[in-house]
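One file, upload.txt, is given below (compact mmCIF, C-alpha atoms).
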```txt
# COMPACT_ATOMS: atom_id res chain seq x y z
CA MET A 1091 -10.59 -6.58 22.25
CA THR A 1092 -7.81 -6.26 19.68
CA ARG A 1093 -4.81 -4.22 20.73
CA ILE A 1094 -3.62 -1.86 18.00
CA ILE A 1095 -0.34 0.02 18.16
CA PHE A 1096 0.04 3.31 16.29
CA ALA A 1097 3.71 3.61 15.35
CA THR A 1098 4.37 7.26 16.10
CA GLY A 1099 6.05 9.28 18.78
CA ASN A 1100 3.95 12.31 17.83
CA ALA A 1101 1.33 13.14 20.49
CA HIS A 1102 -0.63 15.38 18.10
CA LYS A 1103 -1.09 12.52 15.58
CA MET A 1104 -2.00 10.13 18.41
CA GLU A 1105 -4.87 12.42 19.43
CA GLU A 1106 -6.07 12.76 15.85
CA ILE A 1107 -6.12 9.02 15.27
CA ARG A 1108 -7.81 8.31 18.62
CA GLU A 1109 -10.57 10.68 17.63
CA ILE A 1110 -11.13 9.17 14.18
CA LEU A 1111 -10.88 5.51 15.28
CA ARG A 1112 -12.73 5.96 18.58
CA ASP A 1113 -15.64 3.59 17.97
CA LEU A 1114 -13.58 0.68 16.62
CA PRO A 1115 -13.56 -2.43 18.83
CA CYS A 1116 -9.90 -1.97 19.76
CA GLU A 1117 -7.50 -0.66 22.38
CA LEU A 1118 -5.25 1.92 20.69
CA LEU A 1119 -1.77 2.41 22.14
CA SER A 1120 1.25 4.49 21.17
CA MET A 1121 4.62 2.71 20.89
CA LYS A 1122 5.59 4.26 24.21
CA GLU A 1123 2.39 3.07 25.92
CA ALA A 1124 2.99 -0.42 24.50
CA GLY A 1125 6.62 -0.35 25.66
CA ILE A 1126 7.91 -1.02 22.16
CA GLU A 1127 11.27 0.30 21.05
CA CYS A 1128 12.27 -0.27 17.49
CA ASP A 1129 14.93 1.23 15.23
CA ILE A 1130 13.41 1.72 11.83
CA VAL A 1131 15.16 2.79 8.64
CA GLU A 1132 12.55 4.50 6.44
CA ASP A 1133 14.26 3.87 3.14
CA GLY A 1134 11.14 3.49 0.99
CA GLN A 1135 10.63 5.50 -2.19
CA THR A 1136 6.97 6.39 -1.51
CA PHE A 1137 4.77 7.51 1.39
CA ALA A 1138 2.90 4.18 1.35
CA GLU A 1139 6.11 2.18 1.42
CA ASN A 1140 7.59 4.17 4.30
CA ALA A 1141 4.37 3.79 6.28
CA MET A 1142 4.36 0.04 5.61
CA ILE A 1143 8.03 -0.35 6.60
CA LYS A 1144 7.15 1.19 10.00
CA ALA A 1145 3.93 -0.79 10.43
CA LYS A 1146 5.57 -4.14 9.63
CA ALA A 1147 8.62 -3.52 11.82
CA VAL A 1148 6.51 -2.64 14.88
CA CYS A 1149 4.01 -5.43 14.13
CA GLU A 1150 6.87 -7.92 14.12
CA ALA A 1151 8.44 -6.49 17.29
CA SER A 1152 5.12 -6.41 19.19
CA GLY A 1153 3.02 -9.22 17.73
CA CYS A 1154 0.15 -6.69 17.58
CA VAL A 1155 -1.85 -5.17 14.74
CA THR A 1156 0.06 -1.99 13.92
CA LEU A 1157 -0.83 1.27 12.15
CA ALA A 1158 1.71 3.78 10.85
CA ASP A 1159 1.59 6.86 8.68
CA ASP A 1160 3.85 8.81 6.41
CA SER A 1161 3.06 12.11 4.77
CA GLY A 1162 4.54 15.10 3.05
CA LEU A 1163 4.13 17.98 0.62
CA CYS A 1164 4.60 17.52 -3.15
CA VAL A 1165 5.08 20.69 -5.20
CA ASP A 1166 4.52 20.16 -8.95
CA TYR A 1167 6.83 23.03 -9.99
CA LEU A 1168 9.63 21.34 -7.98
CA ASP A 1169 8.97 17.93 -9.60
CA GLY A 1170 7.24 16.65 -6.47
CA ALA A 1171 9.81 17.90 -3.94
CA PRO A 1172 10.11 17.94 -0.97
CA GLY A 1173 7.90 14.78 -1.13
CA ILE A 1174 9.02 11.90 1.09
CA TYR A 1175 11.83 14.18 2.33
CA SER A 1176 9.39 16.84 3.61
CA ALA A 1177 10.40 16.48 7.26
CA ARG A 1178 14.12 16.35 6.46
CA TRP A 1179 14.11 19.05 3.77
CA MET A 1180 16.79 21.69 4.49
CA GLY A 1181 17.67 19.64 7.61
CA GLU A 1182 15.50 18.25 10.43
CA GLU A 1183 16.45 21.12 12.72
CA THR A 1184 15.36 23.83 10.29
CA SER A 1185 12.15 25.57 11.33
CA TYR A 1186 9.09 25.41 9.11
CA HIS A 1187 9.06 29.20 9.02
CA VAL A 1188 12.41 29.02 7.21
CA LYS A 1189 11.26 26.13 4.99
CA ASN A 1190 8.04 27.89 4.05
CA ASN A 1191 9.90 31.04 3.08
CA GLU A 1192 12.32 29.00 0.99
CA LEU A 1193 9.32 27.53 -0.91
CA ILE A 1194 8.00 31.06 -1.52
CA ARG A 1195 11.45 32.09 -2.76
CA LEU A 1196 11.80 29.03 -5.07
CA LEU A 1197 8.44 29.87 -6.66
CA GLU A 1198 9.08 33.59 -7.03
CA GLY A 1199 7.48 34.90 -10.22
CA VAL A 1200 5.68 31.58 -10.88
CA PRO A 1201 2.00 32.21 -11.76
CA ASP A 1202 -0.92 30.65 -9.81
CA GLU A 1203 -1.61 27.92 -12.35
CA LYS A 1204 1.91 26.53 -11.95
CA ARG A 1205 1.94 26.68 -8.12
CA SER A 1206 -0.17 23.53 -7.64
CA ALA A 1207 0.85 21.27 -4.75
CA ARG A 1208 -0.63 18.57 -2.58
CA PHE A 1209 -0.12 17.09 0.82
CA VAL A 1210 -0.21 13.28 0.60
CA CYS A 1211 -0.78 10.96 3.55
CA ALA A 1212 -0.44 7.18 3.52
CA ILE A 1213 -1.67 5.05 6.42
CA ALA A 1214 -0.44 1.46 6.60
CA CYS A 1215 -1.78 -1.37 8.72
CA ALA A 1216 0.05 -4.68 9.28
CA PHE A 1217 -1.51 -7.75 10.91
CA PRO A 1218 0.58 -10.48 12.58
CA ASP A 1219 -0.89 -13.05 10.14
CA GLY A 1220 0.58 -11.24 7.12
CA ARG A 1221 -2.47 -9.27 5.96
CA ALA A 1222 -1.47 -5.70 5.20
CA PHE A 1223 -3.25 -2.61 3.86
CA THR A 1224 -2.45 0.92 2.81
CA ALA A 1225 -4.79 3.84 2.21
CA GLU A 1226 -3.47 7.04 0.62
CA ALA A 1227 -5.20 10.35 0.05
CA PRO A 1228 -4.24 13.81 -1.23
CA TYR A 1229 -5.12 17.31 -0.05
CA GLU A 1230 -4.98 19.64 -3.04
CA GLY A 1231 -3.89 23.27 -2.99
CA ARG A 1232 -1.12 25.57 -4.11
CA ILE A 1233 1.92 27.32 -2.70
CA GLY A 1234 0.94 30.79 -1.50
CA TYR A 1235 2.87 34.07 -1.68
CA GLU A 1236 3.23 34.50 2.07
CA GLU A 1237 2.69 32.62 5.34
CA LYS A 1238 -0.80 32.94 6.79
CA GLY A 1239 -2.70 31.49 9.73
CA GLU A 1240 -1.88 30.15 13.18
CA ASN A 1241 -3.47 26.68 13.10
CA GLY A 1242 -2.05 23.39 11.90
CA PHE A 1243 1.70 22.87 11.71
CA GLY A 1244 4.56 22.31 9.27
CA TYR A 1245 3.84 23.59 5.77
CA ASP A 1246 0.21 24.59 6.55
CA PRO A 1247 0.89 28.38 6.66
CA VAL A 1248 2.23 28.41 3.07
CA PHE A 1249 -0.43 26.04 1.64
CA TYR A 1250 -3.37 27.85 0.04
CA VAL A 1251 -6.59 25.83 -0.32
CA PRO A 1252 -8.69 27.18 -3.24
CA GLU A 1253 -11.71 25.10 -2.13
CA LYS A 1254 -11.80 27.15 1.08
CA GLY A 1255 -10.35 30.42 -0.22
CA ARG A 1256 -7.96 30.37 2.75
CA TYR A 1257 -4.55 29.04 3.77
CA SER A 1258 -4.49 25.64 5.47
CA ALA A 1259 -3.22 27.21 8.71
CA GLU A 1260 -6.30 29.49 8.68
CA LEU A 1261 -8.69 26.51 8.87
CA SER A 1262 -10.04 25.25 12.19
CA PRO A 1263 -8.89 21.73 13.17
CA GLU A 1264 -12.40 20.42 12.28
CA GLU A 1265 -12.41 22.10 8.86
CA LYS A 1266 -8.93 20.77 8.12
CA ASN A 1267 -9.70 17.21 9.30
CA GLU A 1268 -12.63 17.03 6.95
CA ILE A 1269 -10.69 17.75 3.77
CA SER A 1270 -7.08 16.97 4.68
CA HIS A 1271 -4.95 14.08 3.43
CA ARG A 1272 -4.54 12.59 6.92
CA GLY A 1273 -8.23 12.88 7.76
CA LYS A 1274 -9.27 11.24 4.48
CA ALA A 1275 -6.64 8.47 4.63
CA LEU A 1276 -7.50 7.71 8.26
CA ARG A 1277 -11.23 7.50 7.53
CA ASN A 1278 -10.49 5.13 4.66
CA MET A 1279 -8.35 3.01 6.96
CA TYR A 1280 -11.12 3.11 9.58
CA ASP A 1281 -13.46 1.49 7.05
CA ILE A 1282 -10.88 -1.21 6.30
CA LEU A 1283 -10.24 -1.93 9.99
CA LYS A 1284 -13.93 -2.02 10.80
CA ARG A 1285 -14.21 -4.95 8.41
CA GLU A 1286 -10.97 -6.71 9.31
CA LEU A 1287 -11.09 -6.57 13.11
CA PRO A 1288 -13.02 -9.22 15.03
CA GLU A 1289 -16.12 -7.75 16.73
CA MET B 1420 -20.94 2.75 -14.29
CA THR B 1421 -17.29 3.22 -13.34
CA ARG B 1422 -14.76 1.86 -15.80
CA ILE B 1423 -11.93 -0.02 -14.07
CA ILE B 1424 -8.77 -1.14 -15.85
CA PHE B 1425 -6.84 -4.12 -14.56
CA ALA B 1426 -3.19 -3.54 -15.47
CA THR B 1427 -2.15 -6.98 -16.64
CA GLY B 1428 -1.53 -8.73 -19.92
CA ASN B 1429 -2.19 -12.10 -18.26
CA ALA B 1430 -5.49 -13.64 -19.43
CA HIS B 1431 -5.54 -16.12 -16.52
CA LYS B 1432 -5.41 -13.31 -13.93
CA MET B 1433 -8.03 -11.34 -15.87
CA GLU B 1434 -10.47 -14.28 -15.56
CA GLU B 1435 -9.72 -14.66 -11.85
CA ILE B 1436 -10.35 -11.00 -11.13
CA ARG B 1437 -13.52 -10.87 -13.24
CA GLU B 1438 -14.89 -13.77 -11.20
CA ILE B 1439 -14.08 -12.22 -7.82
CA LEU B 1440 -15.20 -8.66 -8.69
CA ARG B 1441 -18.23 -9.69 -10.77
CA ASP B 1442 -20.96 -8.01 -8.71
CA LEU B 1443 -19.23 -4.64 -8.33
CA PRO B 1444 -20.95 -1.72 -10.11
CA CYS B 1445 -18.16 -1.43 -12.68
CA GLU B 1446 -17.04 -2.30 -16.18
CA LEU B 1447 -13.73 -4.21 -15.89
CA LEU B 1448 -11.32 -3.99 -18.84
CA SER B 1449 -7.82 -5.30 -19.50
CA MET B 1450 -5.21 -2.79 -20.73
CA LYS B 1451 -5.59 -4.26 -24.21
CA GLU B 1452 -9.39 -3.93 -24.13
CA ALA B 1453 -9.00 -0.32 -22.97
CA GLY B 1454 -6.41 0.37 -25.71
CA ILE B 1455 -3.83 1.50 -23.17
CA GLU B 1456 -0.13 1.03 -23.83
CA CYS B 1457 2.25 2.02 -21.13
CA ASP B 1458 5.93 1.29 -20.47
CA ILE B 1459 6.31 0.67 -16.77
CA VAL B 1460 9.54 0.21 -14.84
CA GLU B 1461 8.70 -1.93 -11.80
CA ASP B 1462 11.58 -0.76 -9.65
CA GLY B 1463 9.84 -0.97 -6.27
CA GLN B 1464 11.34 -2.85 -3.33
CA THR B 1465 8.10 -4.59 -2.28
CA PHE B 1466 5.12 -6.32 -3.89
CA ALA B 1467 2.80 -3.52 -2.79
CA GLU B 1468 5.05 -0.84 -4.23
CA ASN B 1469 5.41 -2.60 -7.59
CA ALA B 1470 1.65 -3.08 -7.79
CA MET B 1471 1.12 0.61 -6.98
CA ILE B 1472 3.70 1.76 -9.55
CA LYS B 1473 1.71 -0.11 -12.23
CA ALA B 1474 -1.69 1.05 -10.99
CA LYS B 1475 -0.67 4.73 -10.85
CA ALA B 1476 1.06 4.69 -14.26
CA VAL B 1477 -1.98 3.19 -16.01
CA CYS B 1478 -4.40 5.38 -14.02
CA GLU B 1479 -2.50 8.45 -15.21
CA ALA B 1480 -2.33 7.23 -18.82
CA SER B 1481 -6.04 6.30 -18.95
CA GLY B 1482 -7.78 8.64 -16.53
CA CYS B 1483 -9.59 5.54 -15.18
CA VAL B 1484 -9.64 3.79 -11.82
CA THR B 1485 -6.90 1.15 -12.18
CA LEU B 1486 -6.11 -2.10 -10.40
CA ALA B 1487 -2.76 -3.91 -10.58
CA ASP B 1488 -1.16 -6.81 -8.78
CA ASP B 1489 2.29 -8.08 -7.94
CA SER B 1490 3.10 -11.37 -6.32
CA GLY B 1491 5.86 -13.86 -5.67
CA LEU B 1492 7.27 -16.60 -3.49
CA CYS B 1493 9.33 -15.84 -0.37
CA VAL B 1494 11.43 -18.70 1.05
CA ASP B 1495 12.57 -18.10 4.63
CA TYR B 1496 15.68 -20.31 4.32
CA LEU B 1497 16.76 -18.16 1.35
CA ASP B 1498 16.19 -14.89 3.27
CA GLY B 1499 12.97 -14.21 1.39
CA ALA B 1500 14.26 -15.01 -2.13
CA PRO B 1501 13.13 -15.14 -4.88
CA GLY B 1502 10.61 -12.57 -3.54
CA ILE B 1503 9.88 -9.64 -5.85
CA TYR B 1504 12.22 -11.27 -8.38
CA SER B 1505 10.13 -14.48 -8.54
CA ALA B 1506 9.20 -14.12 -12.22
CA ARG B 1507 12.71 -13.09 -13.22
CA TRP B 1508 14.57 -15.58 -11.00
CA MET B 1509 17.14 -17.58 -13.06
CA GLY B 1510 15.97 -15.56 -16.10
CA GLU B 1511 12.49 -14.85 -17.47
CA GLU B 1512 12.89 -17.55 -20.13
CA THR B 1513 13.69 -20.31 -17.61
CA SER B 1514 10.83 -22.80 -17.14
CA TYR B 1515 9.21 -23.18 -13.74
CA HIS B 1516 10.09 -26.88 -13.85
CA VAL B 1517 13.76 -25.86 -13.81
CA LYS B 1518 13.17 -23.15 -11.16
CA ASN B 1519 11.26 -25.55 -8.92
CA ASN B 1520 14.00 -28.14 -9.10
CA GLU B 1521 16.57 -25.47 -8.28
CA LEU B 1522 14.58 -24.61 -5.12
CA ILE B 1523 14.53 -28.32 -4.16
CA ARG B 1524 18.30 -28.49 -4.72
CA LEU B 1525 18.98 -25.31 -2.69
CA LEU B 1526 17.03 -26.77 0.25
CA GLU B 1527 18.61 -30.25 0.06
CA GLY B 1528 19.02 -31.70 3.54
CA VAL B 1529 17.04 -28.83 5.15
CA PRO B 1530 14.44 -30.22 7.62
CA ASP B 1531 10.69 -29.48 7.33
CA GLU B 1532 10.66 -26.83 10.07
CA LYS B 1533 13.18 -24.72 8.13
CA ARG B 1534 11.46 -25.06 4.73
CA SER B 1535 8.72 -22.51 5.47
CA ALA B 1536 7.72 -20.25 2.60
CA ARG B 1537 4.84 -18.08 1.51
CA PHE B 1538 3.35 -16.68 -1.63
CA VAL B 1539 2.53 -13.00 -1.17
CA CYS B 1540 0.15 -11.03 -3.38
CA ALA B 1541 -0.40 -7.28 -3.31
CA ILE B 1542 -3.29 -5.65 -5.17
CA ALA B 1543 -3.13 -1.89 -5.69
CA CYS B 1544 -5.89 0.44 -6.76
CA ALA B 1545 -5.34 4.03 -7.93
CA PHE B 1546 -8.13 6.59 -8.47
CA PRO B 1547 -7.74 9.61 -10.77
CA ASP B 1548 -8.42 11.93 -7.80
CA GLY B 1549 -5.36 10.64 -5.91
CA ARG B 1550 -6.99 8.12 -3.58
CA ALA B 1551 -4.97 4.91 -3.56
CA PHE B 1552 -5.18 1.59 -1.73
CA THR B 1553 -3.21 -1.61 -1.38
CA ALA B 1554 -4.26 -4.96 0.08
CA GLU B 1555 -1.68 -7.66 0.68
CA ALA B 1556 -2.15 -11.26 1.81
CA PRO B 1557 0.04 -14.31 2.28
CA TYR B 1558 -0.47 -18.01 1.45
CA GLU B 1559 1.57 -20.07 3.89
CA GLY B 1560 3.30 -23.36 3.15
CA ARG B 1561 6.72 -24.90 2.70
CA ILE B 1562 9.04 -25.99 -0.07
CA GLY B 1563 8.43 -29.67 -0.86
CA TYR B 1564 10.90 -32.41 -1.79
CA GLU B 1565 9.55 -32.96 -5.29
CA GLU B 1566 7.13 -31.42 -7.82
CA LYS B 1567 3.54 -32.63 -7.48
CA GLY B 1568 0.19 -31.80 -9.12
CA GLU B 1569 -0.98 -30.48 -12.46
CA ASN B 1570 -3.11 -27.47 -11.45
CA GLY B 1571 -2.07 -23.88 -10.84
CA PHE B 1572 1.09 -22.52 -12.42
CA GLY B 1573 4.57 -21.21 -11.60
CA TYR B 1574 5.86 -22.41 -8.24
CA ASP B 1575 2.62 -24.23 -7.28
CA PRO B 1576 4.01 -27.77 -7.90
CA VAL B 1577 6.85 -27.30 -5.37
CA PHE B 1578 4.72 -25.52 -2.72
CA TYR B 1579 3.35 -27.86 -0.03
CA VAL B 1580 0.30 -26.59 1.90
CA PRO B 1581 0.20 -28.21 5.37
CA GLU B 1582 -3.38 -26.95 5.93
CA LYS B 1583 -4.50 -29.13 3.01
CA GLY B 1584 -1.91 -31.91 3.29
CA ARG B 1585 -1.26 -31.49 -0.44
CA TYR B 1586 0.86 -29.49 -2.85
CA SER B 1587 -0.64 -26.27 -4.18
CA ALA B 1588 -0.73 -27.68 -7.73
CA GLU B 1589 -2.84 -30.59 -6.40
CA LEU B 1590 -5.63 -28.22 -5.27
CA SER B 1591 -8.62 -27.49 -7.49
CA PRO B 1592 -8.90 -23.86 -8.70
CA GLU B 1593 -11.77 -23.33 -6.19
CA GLU B 1594 -9.78 -24.78 -3.27
CA LYS B 1595 -6.78 -22.65 -4.17
CA ASN B 1596 -8.79 -19.45 -4.66
CA GLU B 1597 -10.25 -19.79 -1.20
CA ILE B 1598 -6.92 -19.88 0.65
CA SER B 1599 -4.44 -18.35 -1.79
CA HIS B 1600 -2.67 -15.01 -1.53
CA ARG B 1601 -4.29 -13.65 -4.71
CA GLY B 1602 -7.78 -14.79 -3.73
CA LYS B 1603 -7.49 -13.25 -0.26
CA ALA B 1604 -5.94 -9.99 -1.45
CA LEU B 1605 -8.55 -9.64 -4.22
CA ARG B 1606 -11.44 -10.23 -1.81
CA ASN B 1607 -9.98 -7.60 0.52
CA MET B 1608 -9.71 -5.19 -2.42
CA TYR B 1609 -13.27 -6.04 -3.43
CA ASP B 1610 -14.45 -4.86 0.00
CA ILE B 1611 -12.51 -1.62 -0.39
CA LEU B 1612 -13.85 -0.97 -3.91
CA LYS B 1613 -17.41 -1.77 -2.89
CA ARG B 1614 -17.19 1.15 -0.51
CA GLU B 1615 -15.22 3.54 -2.71
CA LEU B 1616 -17.08 3.20 -6.01
CA PRO B 1617 -20.23 5.20 -6.66
CA GLU B 1618 -23.34 2.97 -6.80
```
Render the structure in this file as structure tokens.
Amino acid sequence: MTRIIFATGNAHKMEEIREILRDLPCELLSMKEAGIECDIVEDGQTFAENAMIKAKAVCEASGCVTLADDSGLCVDYLDGAPGIYSARWMGEETSYHVKNNELIRLLEGVPDEKRSARFVCAIACAFPDGRAFTAEAPYEGRIGYEEKGENGFGYDPVFYVPEKGRYSAELSPEEKNEISHRGKALRNMYDILKRELPE
Amino acid sequence: MTRIIFATGNAHKMEEIREILRDLPCELLSMKEAGIECDIVEDGQTFAENAMIKAKAVCEASGCVTLADDSGLCVDYLDGAPGIYSARWMGEETSYHVKNNELIRLLEGVPDEKRSARFVCAIACAFPDGRAFTAEAPYEGRIGYEEKGENGFGYDPVFYVPEKGRYSAELSPEEKNEISHRGKALRNMYDILKRELPE
């Protein structure tokens, strides 16, 4: 059975990916579980490139098939910011409550049709033999006028999803997984892995 | 039937991709056939990123599903050069005969085990709804001591393929397609498209 490492330290993401990839013929380990330590400089210009930088670095360090992700929020009115800097925006230590309110402030007086935004998630997979794949998917919505909802994390409370008529943080984990960027990108990567992994 | 644009001006690549994607439920057009003109700055740091920059730019300009590729030769002894600069190396106008002989000169006196090199090809696909994919594959070999063979193009005459016991330019188009970076990456992208395109 192929061992696959998922290059994240985030327990929440690890759970999500275990759930979506559960019937693949593989043993899925976190970097910690695999005993891999690896300093990685994410200096790519896109989500897909940052995900691939992580996947290739850990693949090389471990000799195992490796998955990694990168994601963020792109606000059209802010020319795509915070984008690949979503986690670092306003400083890594700044709470998302503060970040979300700063987004609301920056878009003060901006009408609905100019508040469009999307979460983007890229999943990368690197094989020791040099094969490599990325799958990227968006989750469309707009910046709301207040924070709402207790589910999700990060920018979810400020992200209004017209398709659902609710804020992202108001959706149940199942509802969000079905339409979200990470859910879609992971399911696309599942299809790729299903084909590429030996039975 | 979905219209797919392949973002290249290279007639040779267009033929290759038509052959490999021929039974997909799609109409495959070159940029010229689709009447798309688009200035693209390929300022990515990797093959996959450059391919994606092209695919997304043409997808946005055309509103159609778009494929693009980027490829090059990475020589381990030269720290991966010429890499993403393979086409531009020593100047775009310089003939590959001159480039190949420069590679032979740079590796003068270097033993076989340190002459390892690989062609890498990345194919990117961008959908108007934001889905995006890349597939990347290598073609392993080493830098030879002379130019040999009349097939292929570019660096093929200086690229020795141990698996075949011949230089890449000595392989027939069918032999090369089967093991080459572009053939492998395109077949992987074919599998992705087969799943993603509506029947």
**Complete:** Shortest contact to chain A, candidates B:Glu1615, B:Glu1452, B:Glu1446, B:Glu1582, atoms counted all atoms listed in the file, goes to B:Glu1615
Sorted per-residue table, chain B near chain A, closest atoms and distance, 6 Å, all atoms listed in the file, as JSON lines:
```
{"residue": "B:Gly1549", "atom": "CA", "partner": "A:Pro1228", "partner_atom": "CA", "distance": 5.8}
{"residue": "B:Arg1550", "atom": "CA", "partner": "A:Ala1227", "partner_atom": "CA", "distance": 4.6}
{"residue": "B:Ala1551", "atom": "CA", "partner": "A:Glu1226", "partner_atom": "CA", "distance": 4.9}
{"residue": "B:Phe1552", "atom": "CA", "partner": "A:Ala1225", "partner_atom": "CA", "distance": 4.6}
{"residue": "B:Thr1553", "atom": "CA", "partner": "A:Thr1224", "partner_atom": "CA", "distance": 5.0}
{"residue": "B:Ala1554", "atom": "CA", "partner": "A:Phe1223", "partner_atom": "CA", "distance": 4.6}
{"residue": "B:Glu1555", "atom": "CA", "partner": "A:Ala1222", "partner_atom": "CA", "distance": 4.9}
{"residue": "B:Ala1556", "atom": "CA", "partner": "A:Arg1221", "partner_atom": "CA", "distance": 4.6}
{"residue": "B:Pro1557", "atom": "CA", "partner": "A:Gly1220", "partner_atom": "CA", "distance": 5.8}
```
Emit the selected residues as a JSON list (two decimals), in the frame of the given file, including C-alpha atoms.
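As written to disk, again14.json reads:
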```
[["chain", "number", "residue", "atom", "x", "y", "z"],
["B", 1549, "GLY", "CA", -5.36, 10.64, -5.91],
["B", 1550, "ARG", "CA", -6.99, 8.12, -3.58],
["B", 1551, "ALA", "CA", -4.97, 4.91, -3.56],
["B", 1552, "PHE", "CA", -5.18, 1.59, -1.73],
["B", 1553, "THR", "CA", -3.21, -1.61, -1.38],
["B", 1554, "ALA", "CA", -4.26, -4.96, 0.08],
["B", 1555, "GLU", "CA", -1.68, -7.66, 0.68],
["B", 1556, "ALA", "CA", -2.15, -11.26, 1.81],
["B", 1557, "PRO", "CA", 0.04, -14.31, 2.28]]
```
**Item:** segment 1188-1195 of chain A environment, 7 Å, only C-alpha atoms, sequence neighbours closer than 4 positions dropped, as a ChimeraX atom specification
**Value:** /A:1184,1235-1236,1245,1248
**Prompt:** Can you list, as a PyMOL selection string, every protein, DNA or RNA residue that comes within 7 Å of Gly1231 of chain A when you count all atoms listed in the file, leaving out same-chain residues fewer than 6 positions away?
**Reply:** chain A and resi 1206-1208+1249-1252
How would the residues just chosen look if you wrote them out with C-alpha atoms as a compact mmCIF listing (two decimals), in the frame of the given file?
```txt
# COMPACT_ATOMS: atom_id res chain seq x y z
CA SER A 1206 -0.17 23.53 -7.64
CA ALA A 1207 0.85 21.27 -4.75
CA ARG A 1208 -0.63 18.57 -2.58
CA PHE A 1249 -0.43 26.04 1.64
CA TYR A 1250 -3.37 27.85 0.04
CA VAL A 1251 -6.59 25.83 -0.32
CA PRO A 1252 -8.69 27.18 -3.24
```
**Shell around Ala1124 of chain A at 9 Å using all atoms listed in the file, local window under 4 positions removed, as number ranges by chain** = A: 1095, 1119-1120, 1152
**Message:** Using only C-alpha atoms for the distances, tell me which of B:Asn1469, B:Gly1502, B:Arg1422, B:Glu1512 is nearest to Gly1482 of chain B.
**Reply:**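 Checking each of B:Asn1469, B:Gly1502, B:Arg1422, B:Glu1512 against Gly1482 of chain B, counting only C-alpha atoms, the winner is B:Arg1422.
Straight-line separation from atom CA of Cys1457 of chain B to atom CA of Gly1170 of chain A: 21.3 Å.
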**Request:** One decimal, Å: what's the distance from atom CA of Ala1487 of chain B over to atom CA of Phe1425 of chain B, could you say?
**Result:**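 Going from atom CA of Ala1487 of chain B over to atom CA of Phe1425 of chain B covers 5.7 Å.
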**Request:** Skip Phe1572 of chain B itself and residues of its chain fewer than 2 positions away, then list as number ranges by chain all residues within 12 Å of it, counting only C-alpha atoms.
**Result:** B: 1431-1432, 1491, 1506, 1514-1516, 1519, 1566-1570, 1574-1578, 1586-1592, 1595
Written file, previous selection with C-alpha atoms, as a short mmCIF file (atom, residue, chain, number, x, y, z; two decimals), in the frame of the given file:
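Now in result.cif:
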```cif
data_model
loop_
_atom_site.label_atom_id
_atom_site.label_comp_id
_atom_site.auth_asym_id
_atom_site.auth_seq_id
_atom_site.Cartn_x
_atom_site.Cartn_y
_atom_site.Cartn_z
CA HIS B 1431 -5.54 -16.12 -16.52
CA LYS B 1432 -5.41 -13.31 -13.93
CA GLY B 1491 5.86 -13.86 -5.67
CA ALA B 1506 9.20 -14.12 -12.22
CA SER B 1514 10.83 -22.80 -17.14
CA TYR B 1515 9.21 -23.18 -13.74
CA HIS B 1516 10.09 -26.88 -13.85
CA ASN B 1519 11.26 -25.55 -8.92
CA GLU B 1566 7.13 -31.42 -7.82
CA LYS B 1567 3.54 -32.63 -7.48
CA GLY B 1568 0.19 -31.80 -9.12
CA GLU B 1569 -0.98 -30.48 -12.46
CA ASN B 1570 -3.11 -27.47 -11.45
CA TYR B 1574 5.86 -22.41 -8.24
CA ASP B 1575 2.62 -24.23 -7.28
CA PRO B 1576 4.01 -27.77 -7.90
CA VAL B 1577 6.85 -27.30 -5.37
CA PHE B 1578 4.72 -25.52 -2.72
CA TYR B 1586 0.86 -29.49 -2.85
CA SER B 1587 -0.64 -26.27 -4.18
CA ALA B 1588 -0.73 -27.68 -7.73
CA GLU B 1589 -2.84 -30.59 -6.40
CA LEU B 1590 -5.63 -28.22 -5.27
CA SER B 1591 -8.62 -27.49 -7.49
CA PRO B 1592 -8.90 -23.86 -8.70
CA LYS B 1595 -6.78 -22.65 -4.17
#
```
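Reported to one decimal place, the separation of atom CA of Pro1617 of chain B from atom CA of Leu1440 of chain B is 14.9 Å.
Each of B:Gly1454, B:Lys1473, B:Cys1493, B:Leu1486 was checked against Tyr1609 of chain B using all atoms listed in the file; the smallest atom-to-atom distance is that of B:Leu1486.
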Glu1127 of chain A environment, 10 Å, all atoms listed in the file, sequence neighbours closer than 3 positions dropped, as a compact mmCIF listing (two decimals) with C-alpha atoms, in the frame of the given file:
```txt
# COMPACT_ATOMS: atom_id res chain seq x y z
CA MET A 1121 4.62 2.71 20.89
CA LYS A 1122 5.59 4.26 24.21
CA ALA A 1124 2.99 -0.42 24.50
CA ILE A 1130 13.41 1.72 11.83
CA VAL A 1148 6.51 -2.64 14.88
CA ALA A 1151 8.44 -6.49 17.29
CA SER A 1152 5.12 -6.41 19.19
```
